[in-house]
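Data from data-v3.cif: mmCIF, C-alpha atoms (C1' of nucleotides)
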data_final
loop_
_atom_site.label_atom_id
_atom_site.label_comp_id
_atom_site.auth_asym_id
_atom_site.auth_seq_id
_atom_site.Cartn_x
_atom_site.Cartn_y
_atom_site.Cartn_z
CA MET V 1 -17.20 -3.47 2.26
CA LYS V 2 -18.71 -6.84 2.95
CA LYS V 3 -16.00 -8.96 4.42
CA PHE V 4 -14.73 -12.20 3.04
CA LYS V 5 -15.24 -15.37 4.98
CA ALA V 6 -11.67 -16.57 5.12
CA HIS V 7 -12.56 -20.19 5.68
CA THR V 8 -14.61 -20.45 2.51
CA SER V 9 -11.73 -19.58 0.24
CA THR V 10 -8.48 -21.20 -0.74
CA CYS V 11 -6.94 -18.13 -2.39
CA PRO V 12 -4.07 -16.80 -0.23
CA ILE V 13 -4.73 -13.24 -1.35
CA VAL V 14 -8.30 -13.55 -0.10
CA HIS V 15 -6.95 -14.63 3.28
CA THR V 16 -4.66 -11.65 3.43
CA MET V 17 -7.51 -9.31 2.50
CA THR V 18 -9.66 -10.89 5.19
CA TYR V 19 -7.27 -9.93 7.95
CA ILE V 20 -5.67 -6.70 6.80
CA GLY V 21 -8.02 -5.63 3.99
CA GLY V 22 -9.77 -2.81 5.81
CA LYS V 23 -9.24 0.80 4.86
CA TRP V 24 -7.20 1.58 7.93
CA LYS V 25 -5.57 -1.66 9.03
CA PRO V 26 -2.44 -1.48 6.88
CA ILE V 27 -1.94 2.11 7.94
CA ILE V 28 -2.33 1.29 11.61
CA LEU V 29 0.02 -1.67 11.32
CA GLY V 30 2.49 0.55 9.50
CA ARG V 31 2.62 2.84 12.54
CA LEU V 32 3.52 -0.08 14.78
CA LEU V 33 6.57 -1.12 12.76
CA ASN V 34 8.95 0.62 15.15
CA GLY V 35 7.53 -0.72 18.39
CA ALA V 36 4.65 -0.12 20.76
CA VAL V 37 2.61 3.07 20.34
CA ARG V 38 0.02 4.64 22.60
CA PHE V 39 -3.59 5.00 21.53
CA GLY V 40 -3.44 8.77 21.59
CA LYS V 41 -0.29 8.88 19.50
CA LEU V 42 -1.89 6.69 16.85
CA ALA V 43 -4.86 9.05 16.75
CA VAL V 44 -2.52 11.98 16.15
CA GLN V 45 -0.39 10.21 13.55
CA ILE V 46 -3.45 9.14 11.56
CA PRO V 47 -5.41 12.37 11.66
CA ASP V 48 -8.25 11.32 9.36
CA ILE V 49 -9.37 8.37 11.42
CA SER V 50 -11.97 8.93 14.14
CA ARG V 51 -11.34 7.65 17.63
CA LYS V 52 -14.27 5.30 17.30
CA ILE V 53 -12.99 3.68 14.13
CA LEU V 54 -9.50 3.52 15.54
CA THR V 55 -10.82 1.70 18.60
CA GLU V 56 -12.81 -0.72 16.46
CA GLN V 57 -9.98 -1.53 14.11
CA LEU V 58 -7.54 -2.04 16.97
CA LYS V 59 -10.00 -4.40 18.62
CA GLU V 60 -10.35 -6.45 15.45
CA LEU V 61 -6.60 -6.61 14.99
CA GLU V 62 -6.27 -7.76 18.59
CA GLU V 63 -8.96 -10.42 18.20
CA ASP V 64 -7.21 -11.76 15.13
CA GLY V 65 -4.00 -11.84 17.14
CA LEU V 66 -2.09 -9.40 14.96
CA ILE V 67 -1.45 -6.92 17.75
CA ILE V 68 -1.14 -7.01 21.54
CA ARG V 69 -2.82 -4.50 23.81
CA HIS V 70 -0.98 -3.44 26.95
CA SER V 71 -3.12 -1.58 29.46
CA TYR V 72 -1.26 0.04 32.37
CA ASN V 73 -3.29 0.74 35.44
CA GLU V 74 -2.40 4.41 35.79
CA LYS V 75 -4.37 7.59 36.06
CA PRO V 76 -4.82 8.95 33.49
CA PRO V 77 -4.77 5.58 31.74
CA ARG V 78 -2.02 4.45 29.40
CA VAL V 79 -2.63 1.88 26.68
CA GLU V 80 -0.06 0.72 24.19
CA TYR V 81 -0.37 -1.46 21.12
CA GLU V 82 2.38 -3.48 19.49
CA LEU V 83 2.76 -6.08 16.77
CA SER V 84 2.43 -9.67 17.95
CA GLU V 85 4.43 -12.53 16.52
CA ILE V 86 1.71 -13.09 13.93
CA GLY V 87 1.64 -9.37 13.27
CA GLN V 88 5.35 -9.42 12.46
CA THR V 89 4.64 -11.73 9.53
CA VAL V 90 2.75 -8.86 7.89
CA ILE V 91 5.87 -6.72 7.76
CA PRO V 92 6.98 -7.85 4.27
CA VAL V 93 3.61 -6.84 2.85
CA LEU V 94 3.77 -3.46 4.58
CA MET V 95 7.29 -2.92 3.29
CA ALA V 96 6.25 -3.83 -0.24
CA MET V 97 3.28 -1.46 0.01
CA THR V 98 5.52 1.32 1.29
CA GLU V 99 8.05 0.71 -1.46
CA LEU V 100 5.31 0.68 -4.08
CA GLY V 101 3.25 3.62 -2.88
CA SER V 102 5.32 6.61 -3.81
CA LYS V 103 6.68 5.22 -7.07
CA MET V 104 3.25 4.13 -8.25
CA HIS V 105 1.57 7.35 -7.27
CA GLU V 106 4.03 9.32 -9.36
CA ALA V 107 3.66 6.99 -12.33
CA ILE V 108 -0.11 7.06 -12.21
CA THR V 109 -0.22 10.84 -11.92
CA LYS V 110 1.90 11.05 -15.07
CA HIS V 111 -0.29 8.48 -16.79
CA LYS V 112 -3.43 10.44 -16.03
CA ARG V 113 -1.94 13.65 -17.38
CA ARG V 114 -1.15 11.82 -20.63
CA VAL V 115 -4.69 10.48 -20.89
CA THR V 116 -6.22 13.87 -20.11
CA ARG V 117 -4.15 15.66 -22.75
CA ALA V 118 -5.19 13.09 -25.35
CA HIS V 119 -8.74 13.83 -24.16
CA MET G 120 -15.72 2.39 2.09
CA LYS G 121 -15.02 6.01 1.36
CA LYS G 122 -11.93 6.20 -0.78
CA PHE G 123 -8.80 8.07 0.07
CA LYS G 124 -7.84 11.07 -1.95
CA ALA G 125 -4.33 10.09 -2.91
CA HIS G 126 -3.12 13.63 -3.47
CA THR G 127 -4.01 14.78 0.03
CA SER G 128 -1.68 12.33 1.71
CA THR G 129 2.03 11.79 1.90
CA CYS G 130 1.90 8.29 3.40
CA PRO G 131 3.02 5.73 0.82
CA ILE G 132 0.74 3.07 2.25
CA VAL G 133 -2.22 5.39 1.75
CA HIS G 134 -1.20 5.75 -1.89
CA THR G 135 -1.07 2.02 -2.32
CA MET G 136 -4.47 1.62 -0.69
CA THR G 137 -5.86 4.29 -2.97
CA TYR G 138 -5.04 2.34 -6.09
CA ILE G 139 -5.33 -1.29 -5.08
CA GLY G 140 -7.25 -1.04 -1.83
CA GLY G 141 -10.61 -2.28 -3.03
CA LYS G 142 -12.01 -5.61 -1.97
CA TRP G 143 -11.43 -7.20 -5.35
CA LYS G 144 -8.52 -5.38 -6.96
CA PRO G 145 -5.65 -7.40 -5.49
CA ILE G 146 -7.49 -10.60 -6.40
CA ILE G 147 -8.09 -9.46 -9.97
CA LEU G 148 -4.49 -8.36 -10.36
CA GLY G 149 -3.38 -11.69 -8.94
CA ARG G 150 -5.19 -13.43 -11.78
CA LEU G 151 -3.29 -11.41 -14.34
CA LEU G 152 0.15 -12.39 -13.07
CA ASN G 153 0.59 -15.00 -15.79
CA GLY G 154 -0.47 -12.89 -18.76
CA ALA G 155 -3.62 -11.62 -20.44
CA VAL G 156 -6.94 -13.13 -19.38
CA ARG G 157 -10.39 -12.84 -20.95
CA PHE G 158 -13.24 -11.19 -19.12
CA GLY G 159 -15.25 -14.39 -18.96
CA LYS G 160 -12.36 -16.39 -17.58
CA LEU G 161 -11.84 -13.85 -14.81
CA ALA G 162 -15.52 -14.13 -13.93
CA VAL G 163 -15.16 -17.92 -13.65
CA GLN G 164 -11.93 -17.80 -11.66
CA ILE G 165 -13.36 -15.34 -9.16
CA PRO G 166 -16.79 -16.89 -8.65
CA ASP G 167 -18.01 -14.59 -5.88
CA ILE G 168 -17.66 -11.37 -7.84
CA SER G 169 -20.60 -10.19 -9.92
CA ARG G 170 -20.12 -9.27 -13.56
CA LYS G 171 -21.05 -5.70 -12.76
CA ILE G 172 -18.47 -5.27 -10.06
CA LEU G 173 -15.88 -7.03 -12.17
CA THR G 174 -16.57 -4.60 -15.01
CA GLU G 175 -16.34 -1.61 -12.68
CA GLN G 176 -13.14 -2.67 -11.02
CA LEU G 177 -11.49 -3.45 -14.35
CA LYS G 178 -12.50 -0.02 -15.60
CA GLU G 179 -10.97 1.67 -12.57
CA LEU G 180 -7.78 -0.32 -12.90
CA GLU G 181 -7.62 0.67 -16.55
CA GLU G 182 -8.21 4.35 -15.80
CA ASP G 183 -5.42 4.28 -13.25
CA GLY G 184 -3.20 2.68 -15.88
CA LEU G 185 -2.60 -0.55 -13.99
CA ILE G 186 -4.05 -2.79 -16.67
CA ILE G 187 -4.54 -2.64 -20.44
CA ARG G 188 -7.78 -3.62 -22.13
CA HIS G 189 -7.57 -5.31 -25.51
CA SER G 190 -10.88 -5.47 -27.34
CA TYR G 191 -10.94 -7.64 -30.47
CA ASN G 192 -13.67 -6.86 -32.94
CA GLU G 193 -15.12 -10.34 -33.20
CA LYS G 194 -18.56 -11.79 -32.82
CA PRO G 195 -19.10 -12.86 -30.11
CA PRO G 196 -16.74 -10.27 -28.70
CA ARG G 197 -13.40 -11.06 -27.11
CA VAL G 198 -11.83 -8.80 -24.52
CA GLU G 199 -8.59 -9.45 -22.72
CA TYR G 200 -6.96 -7.68 -19.81
CA GLU G 201 -3.28 -7.64 -18.94
CA LEU G 202 -0.95 -5.92 -16.53
CA SER G 203 0.56 -2.68 -17.83
CA GLU G 204 4.05 -1.51 -17.03
CA ILE G 205 2.72 0.31 -13.99
CA GLY G 206 0.71 -2.77 -13.10
CA GLN G 207 3.89 -4.84 -13.06
CA THR G 208 5.21 -2.72 -10.21
CA VAL G 209 2.44 -4.15 -8.03
CA ILE G 210 3.75 -7.68 -8.39
CA PRO G 211 5.99 -7.58 -5.29
CA VAL G 212 3.01 -6.62 -3.15
CA LEU G 213 0.89 -9.38 -4.65
CA MET G 214 3.69 -11.88 -4.08
CA ALA G 215 4.07 -10.77 -0.47
CA MET G 216 0.32 -11.05 0.04
CA THR G 217 0.28 -14.52 -1.48
CA GLU G 218 3.22 -15.61 0.64
CA LEU G 219 1.57 -14.21 3.76
CA GLY G 220 -1.98 -15.42 3.20
CA SER G 221 -1.79 -19.12 3.87
CA LYS G 222 0.75 -18.89 6.69
CA MET G 223 -1.14 -16.16 8.48
CA HIS G 224 -4.52 -17.84 8.08
CA GLU G 225 -3.21 -20.96 9.74
CA ALA G 226 -1.58 -19.03 12.56
CA ILE G 227 -4.70 -16.96 13.22
CA THR G 228 -6.94 -20.01 13.20
CA LYS G 229 -4.72 -21.56 15.86
CA HIS G 230 -4.68 -18.32 17.82
CA LYS G 231 -8.47 -18.16 17.84
CA ARG G 232 -8.77 -21.74 19.06
CA ARG G 233 -6.45 -20.84 21.95
CA VAL G 234 -8.50 -17.80 22.84
CA THR G 235 -11.77 -19.70 22.62
CA ARG G 236 -10.53 -22.50 24.89
CA ALA G 237 -9.42 -19.97 27.47
CA HIS G 238 -12.94 -18.54 27.15
"C1'" DT P 239 -36.22 -20.19 -35.88
"C1'" DT P 240 -34.62 -20.50 -31.55
"C1'" DC P 241 -30.77 -21.03 -28.59
"C1'" DA P 242 -26.08 -20.16 -26.92
"C1'" DT P 243 -22.22 -17.23 -26.68
"C1'" DT P 244 -19.76 -12.88 -25.06
"C1'" DG P 245 -19.03 -8.65 -22.73
"C1'" DG P 246 -21.17 -5.80 -21.22
"C1'" DT P 247 -25.22 -1.94 -19.31
"C1'" DT P 248 -29.18 -0.23 -16.57
"C1'" DA P 249 -32.10 0.25 -12.64
"C1'" DC P 250 -32.69 -0.67 -8.24
"C1'" DA P 251 -31.70 -2.27 -3.35
"C1'" DT P 252 -28.81 -3.10 0.73
"C1'" DG P 253 -25.75 -3.08 4.46
"C1'" DA P 254 -21.35 -2.74 6.21
"C1'" DA P 255 -18.16 0.62 7.04
"C1'" DC P 256 -17.46 4.91 8.28
"C1'" DG P 257 -18.40 9.30 10.65
"C1'" DT P 258 -20.15 12.87 14.41
"C1'" DT P 259 -21.29 14.22 18.77
"C1'" DA P 260 -21.71 13.80 23.39
"C1'" DC P 261 -20.46 11.66 27.56
"C1'" DC P 262 -17.72 9.04 31.32
"C1'" DA P 263 -14.12 7.99 35.28
"C1'" DC P 264 -10.22 9.32 37.72
"C1'" DT P 265 -6.33 12.00 38.88
"C1'" DT P 266 -3.09 15.94 38.69
"C1'" DT P 267 -2.35 20.62 37.72
"C1'" DT P 268 -3.69 25.48 37.90
"C1'" DA H 269 -13.02 24.71 41.86
"C1'" DA H 270 -12.23 24.22 37.44
"C1'" DA H 271 -9.65 22.51 33.67
"C1'" DA H 272 -6.71 19.20 31.32
"C1'" DG H 273 -5.30 14.75 30.08
"C1'" DT H 274 -6.40 9.71 28.72
"C1'" DG H 275 -8.77 5.94 26.55
"C1'" DG H 276 -12.43 4.86 25.73
"C1'" DT H 277 -18.27 3.95 24.99
"C1'" DA H 278 -23.19 4.91 23.30
"C1'" DA H 279 -26.49 6.56 20.21
"C1'" DC H 280 -27.25 8.06 16.31
"C1'" DG H 281 -26.64 9.23 10.80
"C1'" DT H 282 -24.70 8.73 6.27
"C1'" DT H 283 -22.79 6.97 2.06
"C1'" DC H 284 -20.24 4.38 -0.76
"C1'" DA H 285 -19.09 -0.10 -2.41
"C1'" DT H 286 -21.25 -3.95 -3.43
"C1'" DG H 287 -24.99 -7.02 -4.98
"C1'" DT H 288 -29.30 -8.83 -7.93
"C1'" DA H 289 -31.91 -9.18 -11.84
"C1'" DA H 290 -33.09 -8.22 -16.30
"C1'" DC H 291 -31.79 -6.86 -20.72
"C1'" DC H 292 -28.99 -5.98 -25.23
"C1'" DA H 293 -26.57 -6.75 -30.00
"C1'" DA H 294 -24.67 -9.72 -33.43
"C1'" DT H 295 -23.37 -14.04 -35.04
"C1'" DG H 296 -23.07 -19.14 -35.63
"C1'" DA H 297 -24.91 -23.48 -34.46
"C1'" DA H 298 -28.86 -26.91 -33.70
#
How would this structure read if it were set down as structure tokens?
Amino acid sequence: MKKFKAHTSTCPIVHTMTYIGGKWKPIILGRLLNGAVRFGKLAVQIPDISRKILTEQLKELEEDGLIIRHSYNEKPPRVEYELSEIGQTVIPVLMAMTELGSKMHEAITKHKRRVTRAH
Amino acid sequence: MKKFKAHTSTCPIVHTMTYIGGKWKPIILGRLLNGAVRFGKLAVQIPDISRKILTEQLKELEEDGLIIRHSYNEKPPRVEYELSEIGQTVIPVLMAMTELGSKMHEAITKHKRRVTRAH
DNA sequence: TTCATTGGTTACATGAACGTTACCACTTTT
DNA sequence: AAAAGTGGTAACGTTCATGTAACCAATGAA
């Protein structure tokens, strides 16, 4: 998905999509709602994401200032990610998406059955 | 971006991303908040989307039951799209995204200036 | 008669996003 | 001595979503 250039648009939804529009970003952010989480734990909780993509997405989120990376100098290493102050502002969107998800999925499944029967 | 298979997941956010996760879908839906809009008007209001992609995305949204397509048998043709009942349930997410967009964009722009100065 | 209008479709091309596999450094545990 | 645990990186491949350009039918207007 070619990314938007946030600065060329005035539409607030475009801005939002620019920063959290990726396939995985809302899901990652959703895992950080209850506080800092280690890299490895994220990888387990989001089984379909590869470590490489997870690393990339986390780096982008950090560059945009949505999350903070804490690296503890231990062996084996420990790295935790948590929502920054800016990241906290995304919470209402994540909540709305969570609220919507299950209800909508059910409704759409029903809708599709109706359409299929009418073939 | 490879799409999620909604039925293989139990995460509500994944469901939401499945149905409105495309680059353009939230923006299109945002244009329908105030009632039915003609195809051509959508194309003008979202200048960076091509007619082909607009057609495709509208078709997907219709198949998922989020919008309703009204085709009037006139020459030249007139086609209008509006939010369905299911589509209305997305409004809170769109509102949250709108609310977030401008605030977050400003905050992130500031953040990036800080980071750049610290080089 | 030629142009504009409208809502598309078709064929083709592209690249960003995503994925897979292998590898690394360093320590503790077995 | 070998394996496990951790958080990555590098080199490669793939594919889907997106984009461009040209075209269409039917009517009314110039």
Do you know which residues are at most 9 Å from range 249-265 of chain P counting only C-alpha atoms (C1' of nucleotides), after dropping those on the same chain fewer than 3 positions away, and could you put them as a ChimeraX atom specification?
/V:1-3,50,52-53,75-77 /G:120-121 /H:276-278,280-284,286-288
Per-residue nearest contacts of chain H to chain G (7 Å; all atoms listed in the file) as CSV:
residue,atom,partner,partner_atom,distance
H:DC284,C1',G:Met120,CA,5.7
H:DA285,C1',G:Met120,CA,6.1
H:DA294,C1',G:Lys194,CA,6.5
H:DT295,C1',G:Lys194,CA,5.8
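Pairwise distance (CA of Leu33 in chain V, CA of Thr129 in chain G) equals 17.5 Å.
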Hits of the PyMOL selection byres ((chain G and resi 138) around 12) in this structure, as a ChimeraX atom specification:
/V:23,97,100-102,104-109 /G:122-126,131-137,139-145,148,176-177,179-186,205-206,209
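Take the candidates G:Arg157, G:Lys222, G:Lys178, G:Arg170 and check each one against DA289 in chain H using all atoms listed in the file; the shortest distance goes to G:Arg170.
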Mind giving me the straight-line distance from CA of His230 in chain G to CA of Ile91 in chain V in Å, one decimal?
18.6 Å
